[in-house]
Amino acid sequence: MGVSEQAERAGQQAHRSDWTDRAARAGLVAYGIVHLVIGVLAVQLAFGDRSGSSDATGALQALAEQPFGDVVLWAVAVGLFLLAIWQALEAAVGFRDEDGFERVRHRLAAAGKTIVYGFLGVTGVQIVMGSGGGGGGTDSMTARVMDAPGGQLLVGAIGAAIFGFGGYLIVRGWTDQVKDDVSNAGASGATGRVVVALGRVGHTAKGIAFGIVGVLFVSAAVQHEPKESGGLDQALREILDQPFGPVLLCVIGAGIGAYGLFALAQARYFTR
């Protein structure tokens, strides 16, 4: 047996292990907590509190500021790293019951989630170690990309991809795909109706927010103005500036909180 075959077999064994299931559950709890805090921050923003950042980084910073915040943030960061490890295994050896493009598509999606969860885990560690929260913001990073050859097109493409991801979340929420994220017990009966409803509302709210982020990036590319780009926090502030903005933002914040509750339900009714 070659080295690559041994590595793949070891990866498959790790992927099927009970430890991986427990790691995924712990990670989903951490991810759910982050979204619950983002939802609270969004509602606070709707009521006039503009002091914090209503995104994942702001949520992690808010956790650090609570009593025993360092301990909580370490636990959340570890959970996010565990979630990243699970998705890395999914990307490497998962979805073996699927063939061709479907397997490739799901593995690429898992690889993307690995990066996102890993980044959030690193951000949590940086905050708890006292080095997080800086970095110059999204607009400065966009400016560096835009100044590179072909950078304007790249920023526009990134915006289109983010917008498409937002649309994917909405579609996933309002089809039976959302039921695939939980076991049969979590998708049936009275409990299942609540869980599925949380998934639908949460995916829709998060999809709308990501759609706005995508529009901001495309607008920045068209105008060649990096400051027009922004992440989730800027997208929520854009909602706030619209007619009936505070009401809309409360609805979106509650929806993002619903996504957090759905992640907790995923942890409870975990399925591969």
# chains A, B, ... in the order shown; residues from 1 in each chain; ligands from 1
>>> closest_atom_pairs(of="stretch 96-173 of chain A", to="stretch 210-223 of chain A", cutoff="6 Å", atoms="only C-alpha atoms", output="CSV")
residue,atom,partner,partner_atom,distance
A:Gln152,CA,A:Ala221,CA,5.2
A:Val155,CA,A:Ala221,CA,5.8
A:Gly156,CA,A:Val218,CA,4.6
A:Gly159,CA,A:Gly214,CA,4.1
A:Ala160,CA,A:Gly214,CA,5.9
A:Ile162,CA,A:Gly214,CA,4.8
A:Phe163,CA,A:Gly211,CA,4.3
A:Gly166,CA,A:Gly211,CA,4.8
>>> residues_around(residues="stretch 36-38 of chain A", least_positions_apart="3", cutoff="8 Å", atoms="only C-alpha atoms", output="ChimeraX atom specification")
/A:32-33,41-42,54-56,58-59,62-63,253,256-261
>>> write_last_selection(atoms="N, CA and C atoms", output="mmCIF file, in the first residue's frame")
data_model
loop_
_atom_site.group_PDB
_atom_site.id
_atom_site.type_symbol
_atom_site.label_atom_id
_atom_site.label_comp_id
_atom_site.auth_asym_id
_atom_site.auth_seq_id
_atom_site.Cartn_x
_atom_site.Cartn_y
_atom_site.Cartn_z
ATOM 1 N N GLY A 32 -22.968 28.593 16.314
ATOM 2 C CA GLY A 32 -24.285 29.094 16.682
ATOM 3 C C GLY A 32 -24.196 30.267 17.643
ATOM 4 N N ILE A 33 -23.299 30.174 18.619
ATOM 5 C CA ILE A 33 -23.122 31.267 19.580
ATOM 6 C C ILE A 33 -22.692 32.545 18.861
ATOM 7 N N LEU A 41 -26.140 42.070 18.278
ATOM 8 C CA LEU A 41 -25.450 43.304 17.890
ATOM 9 C C LEU A 41 -26.213 44.052 16.802
ATOM 10 N N ALA A 42 -26.814 43.306 15.865
ATOM 11 C CA ALA A 42 -27.594 43.935 14.802
ATOM 12 C C ALA A 42 -28.812 44.651 15.381
ATOM 13 N N SER A 54 -21.062 44.863 13.884
ATOM 14 C CA SER A 54 -22.087 43.814 13.839
ATOM 15 C C SER A 54 -21.714 42.730 12.842
ATOM 16 N N ASP A 55 -20.597 42.084 13.082
ATOM 17 C CA ASP A 55 -20.163 40.977 12.242
ATOM 18 C C ASP A 55 -19.494 39.947 13.134
ATOM 19 N N ALA A 56 -18.868 38.931 12.521
ATOM 20 C CA ALA A 56 -18.289 37.855 13.318
ATOM 21 C C ALA A 56 -17.178 38.367 14.239
ATOM 22 N N GLY A 58 -16.879 41.413 15.454
ATOM 23 C CA GLY A 58 -17.526 42.152 16.524
ATOM 24 C C GLY A 58 -18.162 41.222 17.545
ATOM 25 N N ALA A 59 -18.739 40.114 17.069
ATOM 26 C CA ALA A 59 -19.343 39.146 17.980
ATOM 27 C C ALA A 59 -18.283 38.523 18.893
ATOM 28 N N ALA A 62 -17.284 41.044 21.416
ATOM 29 C CA ALA A 62 -18.325 41.189 22.438
ATOM 30 C C ALA A 62 -18.270 40.053 23.450
ATOM 31 N N LEU A 63 -17.998 38.844 22.979
ATOM 32 C CA LEU A 63 -17.856 37.717 23.898
ATOM 33 C C LEU A 63 -16.683 37.930 24.850
ATOM 34 N N GLY A 253 -31.591 41.007 12.024
ATOM 35 C CA GLY A 253 -30.871 40.568 13.219
ATOM 36 C C GLY A 253 -31.528 39.353 13.858
ATOM 37 N N ILE A 256 -30.714 36.369 11.684
ATOM 38 C CA ILE A 256 -29.356 35.852 11.906
ATOM 39 C C ILE A 256 -29.295 35.099 13.235
ATOM 40 N N GLY A 257 -30.019 35.606 14.232
ATOM 41 C CA GLY A 257 -30.113 34.866 15.494
ATOM 42 C C GLY A 257 -30.775 33.513 15.294
ATOM 43 N N ALA A 258 -31.790 33.465 14.410
ATOM 44 C CA ALA A 258 -32.443 32.189 14.092
ATOM 45 C C ALA A 258 -31.453 31.227 13.451
ATOM 46 N N TYR A 259 -30.553 31.754 12.625
ATOM 47 C CA TYR A 259 -29.512 30.909 12.031
ATOM 48 C C TYR A 259 -28.630 30.317 13.135
ATOM 49 N N GLY A 260 -28.337 31.135 14.147
ATOM 50 C CA GLY A 260 -27.556 30.628 15.274
ATOM 51 C C GLY A 260 -28.273 29.516 16.010
ATOM 52 N N LEU A 261 -29.587 29.677 16.229
ATOM 53 C CA LEU A 261 -30.367 28.622 16.875
ATOM 54 C C LEU A 261 -30.411 27.369 16.008
#
>>> closest_atom_pairs(of="stretch 94-136 of chain A", to="stretch 64-68 of chain A", cutoff="9 Å", atoms="only C-alpha atoms", output="CSV")
residue,atom,partner,partner_atom,distance
A:Gly124,CA,A:Ala64,CA,8.8
A:Ile127,CA,A:Ala64,CA,7.5
A:Val128,CA,A:Ala64,CA,6.7
>>> select_by_dssp(residues="stretch 92-254 of chain A", states="alpha helix (DSSP H)", output="number ranges by chain")
A: 92-93, 100-128, 137-147, 151-173, 189-223, 232-240, 245-254
>>> closest_residue(among="A:Phe244, A:Tyr269, A:Tyr117, A:Phe165", to="A:Tyr31", atoms="only C-alpha atoms")
A:Tyr117
>>> closest_residue(among="A:Asp21, A:Asp70, A:Asp147, A:Glu238", to="A:Val125", atoms="only C-alpha atoms")
A:Asp70
>>> residues_around(residues="A:Ala24", least_positions_apart="4", cutoff="8 Å", atoms="only C-alpha atoms", output="PyMOL selection string")
chain A and resi 20+28+82-83+86+267
>>> atom_distance(atom1="atom CA of A:Asp233", atom2="atom CA of A:Leu249")
11.4 Å
>>> atom_distance(atom1="atom CA of A:Thr114", atom2="atom CA of A:Ala91")
8.4 Å
>>> atom_distance(atom1="atom CA of A:Gln266", atom2="atom CA of A:Val182")
5.4 Å
>>> decode(residues="stretch 134-269 of chain A", atoms="C-alpha atoms", output="mmCIF file, in the first residue's frame")
data_model
loop_
_atom_site.group_PDB
_atom_site.id
_atom_site.type_symbol
_atom_site.label_atom_id
_atom_site.label_comp_id
_atom_site.auth_asym_id
_atom_site.auth_seq_id
_atom_site.Cartn_x
_atom_site.Cartn_y
_atom_site.Cartn_z
ATOM 1 C CA GLY A 134 -7.280 45.887 13.879
ATOM 2 C CA GLY A 135 -6.044 45.088 10.418
ATOM 3 C CA GLY A 136 -7.210 48.203 8.582
ATOM 4 C CA GLY A 137 -10.674 46.987 7.597
ATOM 5 C CA THR A 138 -12.204 45.522 4.472
ATOM 6 C CA ASP A 139 -11.801 48.684 2.420
ATOM 7 C CA SER A 140 -8.007 48.791 2.858
ATOM 8 C CA MET A 141 -7.728 45.156 1.787
ATOM 9 C CA THR A 142 -9.978 45.871 -1.195
ATOM 10 C CA ALA A 143 -7.804 48.864 -2.093
ATOM 11 C CA ARG A 144 -4.709 46.654 -2.236
ATOM 12 C CA VAL A 145 -6.486 44.144 -4.453
ATOM 13 C CA MET A 146 -7.932 46.852 -6.686
ATOM 14 C CA ASP A 147 -4.519 48.435 -7.249
ATOM 15 C CA ALA A 148 -3.118 45.154 -8.582
ATOM 16 C CA PRO A 149 -3.278 44.340 -12.319
ATOM 17 C CA GLY A 150 -6.828 43.261 -13.086
ATOM 18 C CA GLY A 151 -7.763 44.046 -9.502
ATOM 19 C CA GLN A 152 -10.934 45.931 -10.382
ATOM 20 C CA LEU A 153 -12.294 42.914 -12.252
ATOM 21 C CA LEU A 154 -11.239 40.623 -9.410
ATOM 22 C CA VAL A 155 -13.086 42.717 -6.814
ATOM 23 C CA GLY A 156 -16.159 42.686 -9.037
ATOM 24 C CA ALA A 157 -15.897 38.913 -9.424
ATOM 25 C CA ILE A 158 -15.578 38.497 -5.654
ATOM 26 C CA GLY A 159 -18.681 40.634 -5.202
ATOM 27 C CA ALA A 160 -20.603 38.572 -7.747
ATOM 28 C CA ALA A 161 -19.517 35.364 -5.992
ATOM 29 C CA ILE A 162 -20.618 36.702 -2.588
ATOM 30 C CA PHE A 163 -23.943 37.800 -4.074
ATOM 31 C CA GLY A 164 -24.371 34.347 -5.604
ATOM 32 C CA PHE A 165 -23.611 32.728 -2.246
ATOM 33 C CA GLY A 166 -26.305 34.875 -0.654
ATOM 34 C CA GLY A 167 -28.763 33.674 -3.274
ATOM 35 C CA TYR A 168 -27.676 30.083 -2.649
ATOM 36 C CA LEU A 169 -28.398 30.465 1.063
ATOM 37 C CA ILE A 170 -31.896 31.772 0.349
ATOM 38 C CA VAL A 171 -32.618 28.951 -2.102
ATOM 39 C CA ARG A 172 -31.243 26.372 0.315
ATOM 40 C CA GLY A 173 -33.387 27.755 3.107
ATOM 41 C CA TRP A 174 -36.627 27.610 1.141
ATOM 42 C CA THR A 175 -36.188 24.154 -0.327
ATOM 43 C CA ASP A 176 -35.977 20.778 1.356
ATOM 44 C CA GLN A 177 -32.180 21.086 1.340
ATOM 45 C CA VAL A 178 -32.325 22.732 4.757
ATOM 46 C CA LYS A 179 -33.630 19.427 6.141
ATOM 47 C CA ASP A 180 -30.425 17.714 4.992
ATOM 48 C CA ASP A 181 -28.491 19.551 7.703
ATOM 49 C CA VAL A 182 -30.203 17.664 10.539
ATOM 50 C CA SER A 183 -31.114 14.066 11.226
ATOM 51 C CA ASN A 184 -34.587 12.658 10.568
ATOM 52 C CA ALA A 185 -35.445 13.171 14.239
ATOM 53 C CA GLY A 186 -34.542 16.843 13.925
ATOM 54 C CA ALA A 187 -36.634 17.373 10.792
ATOM 55 C CA SER A 188 -39.846 15.569 11.776
ATOM 56 C CA GLY A 189 -42.702 16.148 14.171
ATOM 57 C CA ALA A 190 -43.330 19.337 16.135
ATOM 58 C CA THR A 191 -39.631 19.733 16.919
ATOM 59 C CA GLY A 192 -38.789 19.326 13.262
ATOM 60 C CA ARG A 193 -41.211 22.071 12.243
ATOM 61 C CA VAL A 194 -39.496 24.489 14.620
ATOM 62 C CA VAL A 195 -36.009 23.466 13.508
ATOM 63 C CA VAL A 196 -36.865 23.718 9.816
ATOM 64 C CA ALA A 197 -38.539 27.105 10.368
ATOM 65 C CA LEU A 198 -35.396 28.372 12.102
ATOM 66 C CA GLY A 199 -33.332 27.086 9.197
ATOM 67 C CA ARG A 200 -35.540 28.767 6.610
ATOM 68 C CA VAL A 201 -35.620 32.129 8.386
ATOM 69 C CA GLY A 202 -31.927 32.002 9.299
ATOM 70 C CA HIS A 203 -30.708 31.087 5.822
ATOM 71 C CA THR A 204 -32.920 33.778 4.282
ATOM 72 C CA ALA A 205 -31.689 36.522 6.617
ATOM 73 C CA LYS A 206 -28.062 35.544 6.193
ATOM 74 C CA GLY A 207 -28.549 35.267 2.425
ATOM 75 C CA ILE A 208 -29.979 38.792 2.241
ATOM 76 C CA ALA A 209 -27.061 40.150 4.274
ATOM 77 C CA PHE A 210 -24.503 38.423 2.046
ATOM 78 C CA GLY A 211 -26.353 39.637 -1.025
ATOM 79 C CA ILE A 212 -25.906 43.222 0.167
ATOM 80 C CA VAL A 213 -22.210 42.573 0.848
ATOM 81 C CA GLY A 214 -21.873 41.328 -2.728
ATOM 82 C CA VAL A 215 -23.587 44.448 -4.092
ATOM 83 C CA LEU A 216 -21.192 46.630 -2.063
ATOM 84 C CA PHE A 217 -18.177 44.886 -3.589
ATOM 85 C CA VAL A 218 -19.532 45.156 -7.141
ATOM 86 C CA SER A 219 -20.332 48.838 -6.556
ATOM 87 C CA ALA A 220 -16.792 49.415 -5.292
ATOM 88 C CA ALA A 221 -15.369 47.757 -8.407
ATOM 89 C CA VAL A 222 -17.572 49.752 -10.815
ATOM 90 C CA GLN A 223 -16.772 53.063 -9.105
ATOM 91 C CA HIS A 224 -13.138 52.108 -8.421
ATOM 92 C CA GLU A 225 -13.764 53.201 -4.853
ATOM 93 C CA PRO A 226 -12.559 50.661 -2.248
ATOM 94 C CA LYS A 227 -14.395 52.432 0.589
ATOM 95 C CA GLU A 228 -17.685 51.459 -1.056
ATOM 96 C CA SER A 229 -16.923 47.804 -0.294
ATOM 97 C CA GLY A 230 -17.518 46.302 3.099
ATOM 98 C CA GLY A 231 -18.335 43.251 5.112
ATOM 99 C CA LEU A 232 -21.388 42.195 7.059
ATOM 100 C CA ASP A 233 -21.215 45.153 9.435
ATOM 101 C CA GLN A 234 -21.359 47.682 6.595
ATOM 102 C CA ALA A 235 -24.154 45.728 4.921
ATOM 103 C CA LEU A 236 -26.242 45.925 8.102
ATOM 104 C CA ARG A 237 -25.534 49.651 8.362
ATOM 105 C CA GLU A 238 -26.717 50.050 4.755
ATOM 106 C CA ILE A 239 -29.994 48.400 5.765
ATOM 107 C CA LEU A 240 -30.266 50.801 8.710
ATOM 108 C CA ASP A 241 -30.038 53.798 6.357
ATOM 109 C CA GLN A 242 -33.020 52.657 4.272
ATOM 110 C CA PRO A 243 -36.665 53.681 4.845
ATOM 111 C CA PHE A 244 -37.937 51.749 7.883
ATOM 112 C CA GLY A 245 -34.282 50.754 8.343
ATOM 113 C CA PRO A 246 -34.427 50.057 12.105
ATOM 114 C CA VAL A 247 -37.408 47.735 11.626
ATOM 115 C CA LEU A 248 -35.749 45.938 8.713
ATOM 116 C CA LEU A 249 -32.509 45.616 10.663
ATOM 117 C CA CYS A 250 -34.324 44.138 13.661
ATOM 118 C CA VAL A 251 -35.900 41.573 11.343
ATOM 119 C CA ILE A 252 -32.512 40.704 9.781
ATOM 120 C CA GLY A 253 -30.871 40.568 13.219
ATOM 121 C CA ALA A 254 -33.577 38.226 14.479
ATOM 122 C CA GLY A 255 -33.105 36.119 11.352
ATOM 123 C CA ILE A 256 -29.356 35.852 11.906
ATOM 124 C CA GLY A 257 -30.113 34.866 15.494
ATOM 125 C CA ALA A 258 -32.443 32.189 14.092
ATOM 126 C CA TYR A 259 -29.512 30.909 12.031
ATOM 127 C CA GLY A 260 -27.556 30.628 15.274
ATOM 128 C CA LEU A 261 -30.367 28.622 16.875
ATOM 129 C CA PHE A 262 -30.471 26.409 13.788
ATOM 130 C CA ALA A 263 -26.729 25.746 14.178
ATOM 131 C CA LEU A 264 -27.386 24.687 17.777
ATOM 132 C CA ALA A 265 -30.139 22.395 16.502
ATOM 133 C CA GLN A 266 -27.642 20.957 13.998
ATOM 134 C CA ALA A 267 -25.360 20.147 16.922
ATOM 135 C CA ARG A 268 -28.235 18.437 18.737
ATOM 136 C CA TYR A 269 -29.501 16.526 15.681
#
